[in-house]
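Engineer: Right, I'll just put the structure down here and ask away after.
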Amino acid sequence: MHSKEQISHDEYQKTADWLMSQTKHRPQVAIICGSGLGMLADTLKCQDSFAYSDIPGFPQSTATCMRPHDVFGPSTPRKPSRALAETTFPVRVFKLLGVETLIVTNAAGSLADGLQPGDIMIIKDHVNFPGLVGLNPLCGPNDDKFGPRFPAMSGCYDKGLRSIAMEITKQLGVASLVQEGVYAMVGGPNFESIAEARLLHRLGVDAVGMSTAPEVVVATHCGLRVFGLSLITNKVVKSYEDSDSVNHEGVLEVGRLRSHTVQQLVTELISRMEINNNNTNNAV
Ligand code: HPA
């Protein structure tokens with residue numbers, strides 16, 4: 001565990017070297033799973049797995065496992081005091097391992113009227129509220145070996161992968177459950193007040209959660225291609241007449257109910273990437 005905010009290139013490299021010394025696999029795709037979506041691990045034929053606590057420098061979580069094309073790990077628990085650079089530490093390690101694509105999943109509450117609990121939102125763009133007020137993992141001296149001081153975030157959710165994912169949902173017969181939308185990250189850990197929910201809705205946010213944006217910012221900074229999806233676990237209460245309220249157990253339950261569809265979508269997306277990669281290799 002790191003106690004300081006700034007993490008040196010050597011520290012990321014040390015962790016990547018350790019992982020590469022422990023496995024012969026060289027993953028091309030990394031997956032970060034959100035609340036209740038840890039079952040994505042079941043889709044992977046894990047060939048090597050490591051406890052987070054055994055990986056030098058990794059933030060504490062439960063498990064990670066790898067196979068040739070994937071690194072898998074549940075998203076890191078976010079302590080209020082933890083530096084964002086620690087939360088996003090695995091993303092830079094993925095980069096040094098040779099990963100090219102990061103898949104992020106999260107649980108989110110919907111603000112858009114057309115998004116119901118159990119629906120899947122393919123993330124088209126995000127509003128990184130903590131980032132807008134300076135809580136950004138890229139704060140501090142820039143590490144030029146990873147990327148530029150002022151990286152662009154337009155197009156950070158890869159258009160090609162989004163369109164392949166939409167095609168897959170048609171093929172799986174679940175297109176009616178899936179749409180693209182804008183995700184906003186808020187700091188949490190409380191869910192939104194009604195006034196906050198109304199504000200977010202007016203700002204054009206379709207779904208809100210408490211994770212993902214920092215990892216996507218760091219991934220985009222170092223040139224990883226990103227695909228993200230939100231599993232809609234609840235409708236955010238926007239009306240003073242509405243007596244519903246959200247709770248964490250309900251969020252986890254929807255994750256379990258929709259786990260199979262999320263698994264199918266992610267697995268098919270990865271297999272199409274492999275096909276593309278093979279085509280590229282064949283072409284060369
Ligand atoms: N708000 C914020 N984060 C969330 C929600 C929500 O309604 N649901 C799941 N994560």
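Lettering and numbering for the structure tokens are positional, with chains as A, B, ... in the shown order, residues counted from 1 in each chain, and ligands counted from 1 in the shown order.
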Within 7 Å of ligand 1, counting only C-alpha atoms and all ligand atoms, which protein or nucleic acid residues do you find, written as a compact mmCIF listing (two decimals) with N, CA and C atoms, in the first residue's frame?

Structural biologist:
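Dumped to result-v7.txt:
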```txt
# COMPACT_ATOMS: atom_id res chain seq x y z
N ALA A 107 -22.45 -0.08 -11.08
CA ALA A 107 -23.88 -0.02 -10.77
C ALA A 107 -24.23 1.46 -10.72
N ALA A 108 -25.39 1.81 -11.27
CA ALA A 108 -25.75 3.23 -11.30
C ALA A 108 -27.25 3.41 -11.14
N GLY A 109 -27.63 4.58 -10.65
CA GLY A 109 -29.04 4.94 -10.55
C GLY A 109 -29.43 5.73 -11.80
N SER A 110 -30.66 5.53 -12.28
CA SER A 110 -31.03 6.23 -13.52
C SER A 110 -31.77 7.52 -13.23
N VAL A 186 -20.42 10.93 -8.89
CA VAL A 186 -20.47 11.81 -7.72
C VAL A 186 -19.63 11.17 -6.62
N GLY A 188 -20.30 10.50 -3.39
CA GLY A 188 -20.91 9.60 -2.41
C GLY A 188 -20.28 9.84 -1.04
N PHE A 191 -26.43 8.42 -1.21
CA PHE A 191 -27.16 8.56 -2.47
C PHE A 191 -27.67 10.00 -2.56
N GLU A 192 -28.18 10.40 -3.72
CA GLU A 192 -28.51 11.80 -3.98
C GLU A 192 -29.77 12.26 -3.25
N VAL A 208 -26.22 7.88 -12.66
CA VAL A 208 -25.25 8.41 -11.70
C VAL A 208 -24.72 7.28 -10.83
N GLY A 209 -23.42 7.35 -10.55
CA GLY A 209 -22.78 6.36 -9.69
C GLY A 209 -21.61 6.99 -8.96
N MET A 210 -20.88 6.17 -8.24
CA MET A 210 -19.81 6.71 -7.38
C MET A 210 -18.43 6.19 -7.76
N THR A 233 -29.44 -0.03 -11.46
CA THR A 233 -29.91 -0.82 -10.32
C THR A 233 -31.11 -0.17 -9.63
N ASN A 234 -31.35 1.08 -9.90
CA ASN A 234 -32.46 1.80 -9.24
C ASN A 234 -32.76 3.07 -10.02
N LYS A 235 -33.97 3.55 -9.83
CA LYS A 235 -34.29 4.89 -10.35
C LYS A 235 -33.98 5.88 -9.25
N VAL A 236 -33.29 6.95 -9.59
CA VAL A 236 -32.97 7.96 -8.58
C VAL A 236 -34.26 8.75 -8.30
N VAL A 246 -33.51 4.41 -2.18
CA VAL A 246 -32.55 3.45 -2.69
C VAL A 246 -31.75 2.88 -1.51
N VAL A 251 -29.33 -2.50 -4.75
CA VAL A 251 -28.37 -2.31 -5.84
C VAL A 251 -27.68 -3.64 -6.16
```

Engineer: What residues in segment 177-233 of chain A get the DSSP label strand (DSSP E or B)? Please answer as a ChimeraX atom specification.

Structural biologist: /A:178-185,207-209,225-233

Engineer: Save the residues we just selected, N, CA and C atoms, as a PDB file, in the first residue's frame?

Structural biologist:
```pdb
ATOM      1  N   VAL A 178     -31.131  -2.086 -23.550  1.00  0.00           N
ATOM      2  CA  VAL A 178     -29.839  -1.408 -23.626  1.00  0.00           C
ATOM      3  C   VAL A 178     -29.948  -0.096 -24.388  1.00  0.00           C
ATOM      4  N   GLN A 179     -29.344   0.937 -23.854  1.00  0.00           N
ATOM      5  CA  GLN A 179     -29.204   2.193 -24.605  1.00  0.00           C
ATOM      6  C   GLN A 179     -27.930   2.906 -24.181  1.00  0.00           C
ATOM      7  N   GLU A 180     -27.498   3.838 -25.027  1.00  0.00           N
ATOM      8  CA  GLU A 180     -26.316   4.630 -24.679  1.00  0.00           C
ATOM      9  C   GLU A 180     -26.725   5.809 -23.814  1.00  0.00           C
ATOM     10  N   GLY A 181     -25.811   6.297 -22.999  1.00  0.00           N
ATOM     11  CA  GLY A 181     -26.133   7.467 -22.207  1.00  0.00           C
ATOM     12  C   GLY A 181     -24.918   8.053 -21.512  1.00  0.00           C
ATOM     13  N   VAL A 182     -25.172   9.169 -20.828  1.00  0.00           N
ATOM     14  CA  VAL A 182     -24.107   9.896 -20.129  1.00  0.00           C
ATOM     15  C   VAL A 182     -24.128   9.508 -18.653  1.00  0.00           C
ATOM     16  N   TYR A 183     -22.958   9.115 -18.163  1.00  0.00           N
ATOM     17  CA  TYR A 183     -22.792   8.700 -16.761  1.00  0.00           C
ATOM     18  C   TYR A 183     -22.155   9.853 -15.989  1.00  0.00           C
ATOM     19  N   ALA A 184     -22.627  10.093 -14.774  1.00  0.00           N
ATOM     20  CA  ALA A 184     -21.943  11.077 -13.927  1.00  0.00           C
ATOM     21  C   ALA A 184     -21.422  10.391 -12.683  1.00  0.00           C
ATOM     22  N   MET A 185     -20.191  10.720 -12.332  1.00  0.00           N
ATOM     23  CA  MET A 185     -19.655  10.241 -11.067  1.00  0.00           C
ATOM     24  C   MET A 185     -19.815  11.317 -10.010  1.00  0.00           C
ATOM     25  N   ALA A 207     -27.377   8.623 -15.981  1.00  0.00           N
ATOM     26  CA  ALA A 207     -27.208   7.687 -14.864  1.00  0.00           C
ATOM     27  C   ALA A 207     -26.089   8.174 -13.960  1.00  0.00           C
ATOM     28  N   VAL A 208     -26.222   7.882 -12.664  1.00  0.00           N
ATOM     29  CA  VAL A 208     -25.247   8.410 -11.702  1.00  0.00           C
ATOM     30  C   VAL A 208     -24.718   7.284 -10.826  1.00  0.00           C
ATOM     31  N   GLY A 209     -23.420   7.347 -10.553  1.00  0.00           N
ATOM     32  CA  GLY A 209     -22.779   6.356  -9.691  1.00  0.00           C
ATOM     33  C   GLY A 209     -21.613   6.995  -8.964  1.00  0.00           C
ATOM     34  N   ARG A 225      -7.761   2.033 -24.784  1.00  0.00           N
ATOM     35  CA  ARG A 225      -9.097   2.140 -25.358  1.00  0.00           C
ATOM     36  C   ARG A 225     -10.066   1.692 -24.271  1.00  0.00           C
ATOM     37  N   VAL A 226     -11.172   2.446 -24.117  1.00  0.00           N
ATOM     38  CA  VAL A 226     -12.074   2.162 -22.992  1.00  0.00           C
ATOM     39  C   VAL A 226     -13.476   1.820 -23.485  1.00  0.00           C
ATOM     40  N   PHE A 227     -14.055   0.786 -22.857  1.00  0.00           N
ATOM     41  CA  PHE A 227     -15.481   0.500 -23.013  1.00  0.00           C
ATOM     42  C   PHE A 227     -16.089   0.482 -21.616  1.00  0.00           C
ATOM     43  N   GLY A 228     -17.246   1.149 -21.453  1.00  0.00           N
ATOM     44  CA  GLY A 228     -17.869   1.174 -20.128  1.00  0.00           C
ATOM     45  C   GLY A 228     -19.352   0.895 -20.200  1.00  0.00           C
ATOM     46  N   LEU A 229     -19.845   0.201 -19.184  1.00  0.00           N
ATOM     47  CA  LEU A 229     -21.299   0.056 -19.086  1.00  0.00           C
ATOM     48  C   LEU A 229     -21.757   0.207 -17.643  1.00  0.00           C
ATOM     49  N   SER A 230     -22.975   0.756 -17.504  1.00  0.00           N
ATOM     50  CA  SER A 230     -23.611   0.877 -16.196  1.00  0.00           C
ATOM     51  C   SER A 230     -24.788  -0.080 -16.162  1.00  0.00           C
ATOM     52  N   LEU A 231     -24.858  -0.863 -15.114  1.00  0.00           N
ATOM     53  CA  LEU A 231     -26.081  -1.632 -14.881  1.00  0.00           C
ATOM     54  C   LEU A 231     -26.985  -0.750 -14.019  1.00  0.00           C
ATOM     55  N   ILE A 232     -28.166  -0.467 -14.546  1.00  0.00           N
ATOM     56  CA  ILE A 232     -29.091   0.410 -13.799  1.00  0.00           C
ATOM     57  C   ILE A 232     -29.737  -0.413 -12.682  1.00  0.00           C
ATOM     58  N   THR A 233     -29.437  -0.029 -11.461  1.00  0.00           N
ATOM     59  CA  THR A 233     -29.914  -0.822 -10.318  1.00  0.00           C
ATOM     60  C   THR A 233     -31.110  -0.169  -9.628  1.00  0.00           C
TER      61      THR A 233
END
```

Engineer: Under the rule that only C-alpha atoms are counted, which of A:Leu111, A:Leu161, A:Ile55, A:Val254 is the nearest residue to Val93 of chain A?

Structural biologist: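 Smallest separation from Val93 of chain A among the options: A:Ile55.
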
Engineer: Which residues, written as an NGL selection string, have at least one atom at most 9 Å from Ile194 of chain A, with only C-alpha atoms counted and residues fewer than 5 positions away on the same chain left out?

Structural biologist: :A and (199 or 236-240)

Engineer: Could you write those residues out with all heavy atoms, as a short mmCIF file (atom, residue, chain, number, x, y, z; two decimals), in the first residue's frame?

Structural biologist:
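Dumped to selection08.cif:
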```
data_model
loop_
_atom_site.label_atom_id
_atom_site.label_comp_id
_atom_site.auth_asym_id
_atom_site.auth_seq_id
_atom_site.Cartn_x
_atom_site.Cartn_y
_atom_site.Cartn_z
N LEU A 199 -31.01 18.33 -10.25
CA LEU A 199 -29.90 19.10 -10.85
C LEU A 199 -29.17 18.25 -11.89
O LEU A 199 -28.95 18.69 -13.03
CB LEU A 199 -28.93 19.52 -9.73
CG LEU A 199 -27.65 20.21 -10.18
CD1 LEU A 199 -27.92 21.66 -10.56
CD2 LEU A 199 -26.60 20.16 -9.08
N VAL A 236 -33.29 6.95 -9.59
CA VAL A 236 -32.97 7.96 -8.58
C VAL A 236 -34.26 8.75 -8.30
O VAL A 236 -34.95 9.16 -9.25
CB VAL A 236 -31.85 8.90 -9.07
CG1 VAL A 236 -31.51 9.94 -8.00
CG2 VAL A 236 -30.61 8.09 -9.44
N VAL A 237 -34.59 8.93 -7.05
CA VAL A 237 -35.84 9.61 -6.70
C VAL A 237 -35.72 11.09 -7.06
O VAL A 237 -34.81 11.79 -6.60
CB VAL A 237 -36.14 9.44 -5.19
CG1 VAL A 237 -37.40 10.20 -4.82
CG2 VAL A 237 -36.26 7.97 -4.85
N LYS A 238 -36.64 11.54 -7.93
CA LYS A 238 -36.59 12.93 -8.41
C LYS A 238 -37.81 13.73 -7.99
O LYS A 238 -37.93 14.90 -8.35
CB LYS A 238 -36.53 12.96 -9.96
CG LYS A 238 -35.30 12.33 -10.57
CD LYS A 238 -35.14 12.75 -12.02
CE LYS A 238 -36.28 12.36 -12.94
NZ LYS A 238 -36.02 11.20 -13.80
N SER A 239 -38.75 13.06 -7.31
CA SER A 239 -40.00 13.76 -6.99
C SER A 239 -40.27 13.72 -5.49
O SER A 239 -40.05 12.69 -4.84
CB SER A 239 -41.16 13.08 -7.74
OG SER A 239 -42.38 13.40 -7.12
N TYR A 240 -40.75 14.84 -4.97
CA TYR A 240 -41.07 14.90 -3.54
C TYR A 240 -42.31 14.07 -3.22
O TYR A 240 -42.57 13.78 -2.06
CB TYR A 240 -41.22 16.36 -3.09
CG TYR A 240 -39.88 17.08 -3.11
CD1 TYR A 240 -39.53 17.92 -4.18
CD2 TYR A 240 -38.96 16.90 -2.09
CE1 TYR A 240 -38.30 18.55 -4.22
CE2 TYR A 240 -37.71 17.52 -2.12
CZ TYR A 240 -37.39 18.35 -3.19
OH TYR A 240 -36.16 18.95 -3.23
#
```

Engineer: Identify, on the basis of only C-alpha atoms, every residue whose closest approach to Leu135 of chain A does not exceed 9 Å; exclude the query and any residue fewer than 5 positions from it along the same chain; express the result as a list in words.

Structural biologist: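 Neighbouring residues, sequence-local ones excluded: Leu84, Phe129, Pro130 and Pro214 of chain A.
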
Engineer: One decimal, Å: what's the distance from atom CA of Gly147 of chain A over to atom CA of Thr87 of chain A, could you say?

Structural biologist: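 It comes out at 18.1 Å.
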
Engineer: Let me make sure I understand: among A:Thr101, A:Thr23, A:Ser35, A:Gln6, which one has the smallest atom-to-atom distance to Glu253 of chain A if we use only C-alpha atoms?

Structural biologist: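 Once distances to Glu253 of chain A are computed over only C-alpha atoms, the minimum belongs to A:Ser35.
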
Engineer: May I have the residues within 7 Å of Gly36 of chain A as a list of chain:residue names, using only C-alpha atoms and disregarding those fewer than 4 positions away in the same chain?

Structural biologist: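 What passes the distance filter is A:Leu252, A:Gly255, A:Arg256.
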
Engineer: Emit the selected residues as a PDB file, in the first residue's frame, including C-alpha atoms.

Structural biologist:
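Saved file out05.pdb follows:
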```pdb
ATOM      1  CA  LEU A 252     -26.545  -5.626  -5.330  1.00  0.00           C
ATOM      2  CA  GLY A 255     -26.650  -6.902 -10.223  1.00  0.00           C
ATOM      3  CA  ARG A 256     -27.315 -10.557  -9.439  1.00  0.00           C
TER       4      ARG A 256
END
```

Engineer: Choose the residue, out of A:Leu96, A:Ala41, A:Val29, A:Val127, that has the smallest atom-to-atom separation from Gly204 of chain A; count only C-alpha atoms.

Structural biologist: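 Comparing A:Leu96, A:Ala41, A:Val29, A:Val127 against Gly204 of chain A, the winner is A:Val127.
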
Engineer: Smallest atom-to-atom distance to Phe58 of chain A: which of A:Gly118, A:Pro90, A:Pro27, A:Gly187, using only C-alpha atoms?

Structural biologist: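 Comparing A:Gly118, A:Pro90, A:Pro27, A:Gly187 against Phe58 of chain A, the winner is A:Pro90.
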
Engineer: Rank A:Ile270, A:Ala83, A:Ala112, A:Ile32 by their smallest atom-to-atom distance to Leu200 of chain A, using only C-alpha atoms, and report the top residue only.

Structural biologist: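 Counting only C-alpha atoms, the residue closest to Leu200 of chain A is A:Ala112.
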
Engineer: Atom CA of Leu224 of chain A to atom CA of Lys170 of chain A: how many Å, to one decimal?

Structural biologist: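 Calculated distance between atom CA of Leu224 of chain A and atom CA of Lys170 of chain A is 26.6 Å.
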
Engineer: How many Å separate atom CA of Asp206 of chain A from atom CA of Pro151 of chain A?

Structural biologist: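 Computing it gives 24.7 Å between the two atoms.
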
Engineer: Given only C-alpha atoms as the basis, pick out the residue of A:Ile164, A:Val266, A:Ala30, A:Leu257 nearest to Pro117 of chain A.

Structural biologist: A:Leu257
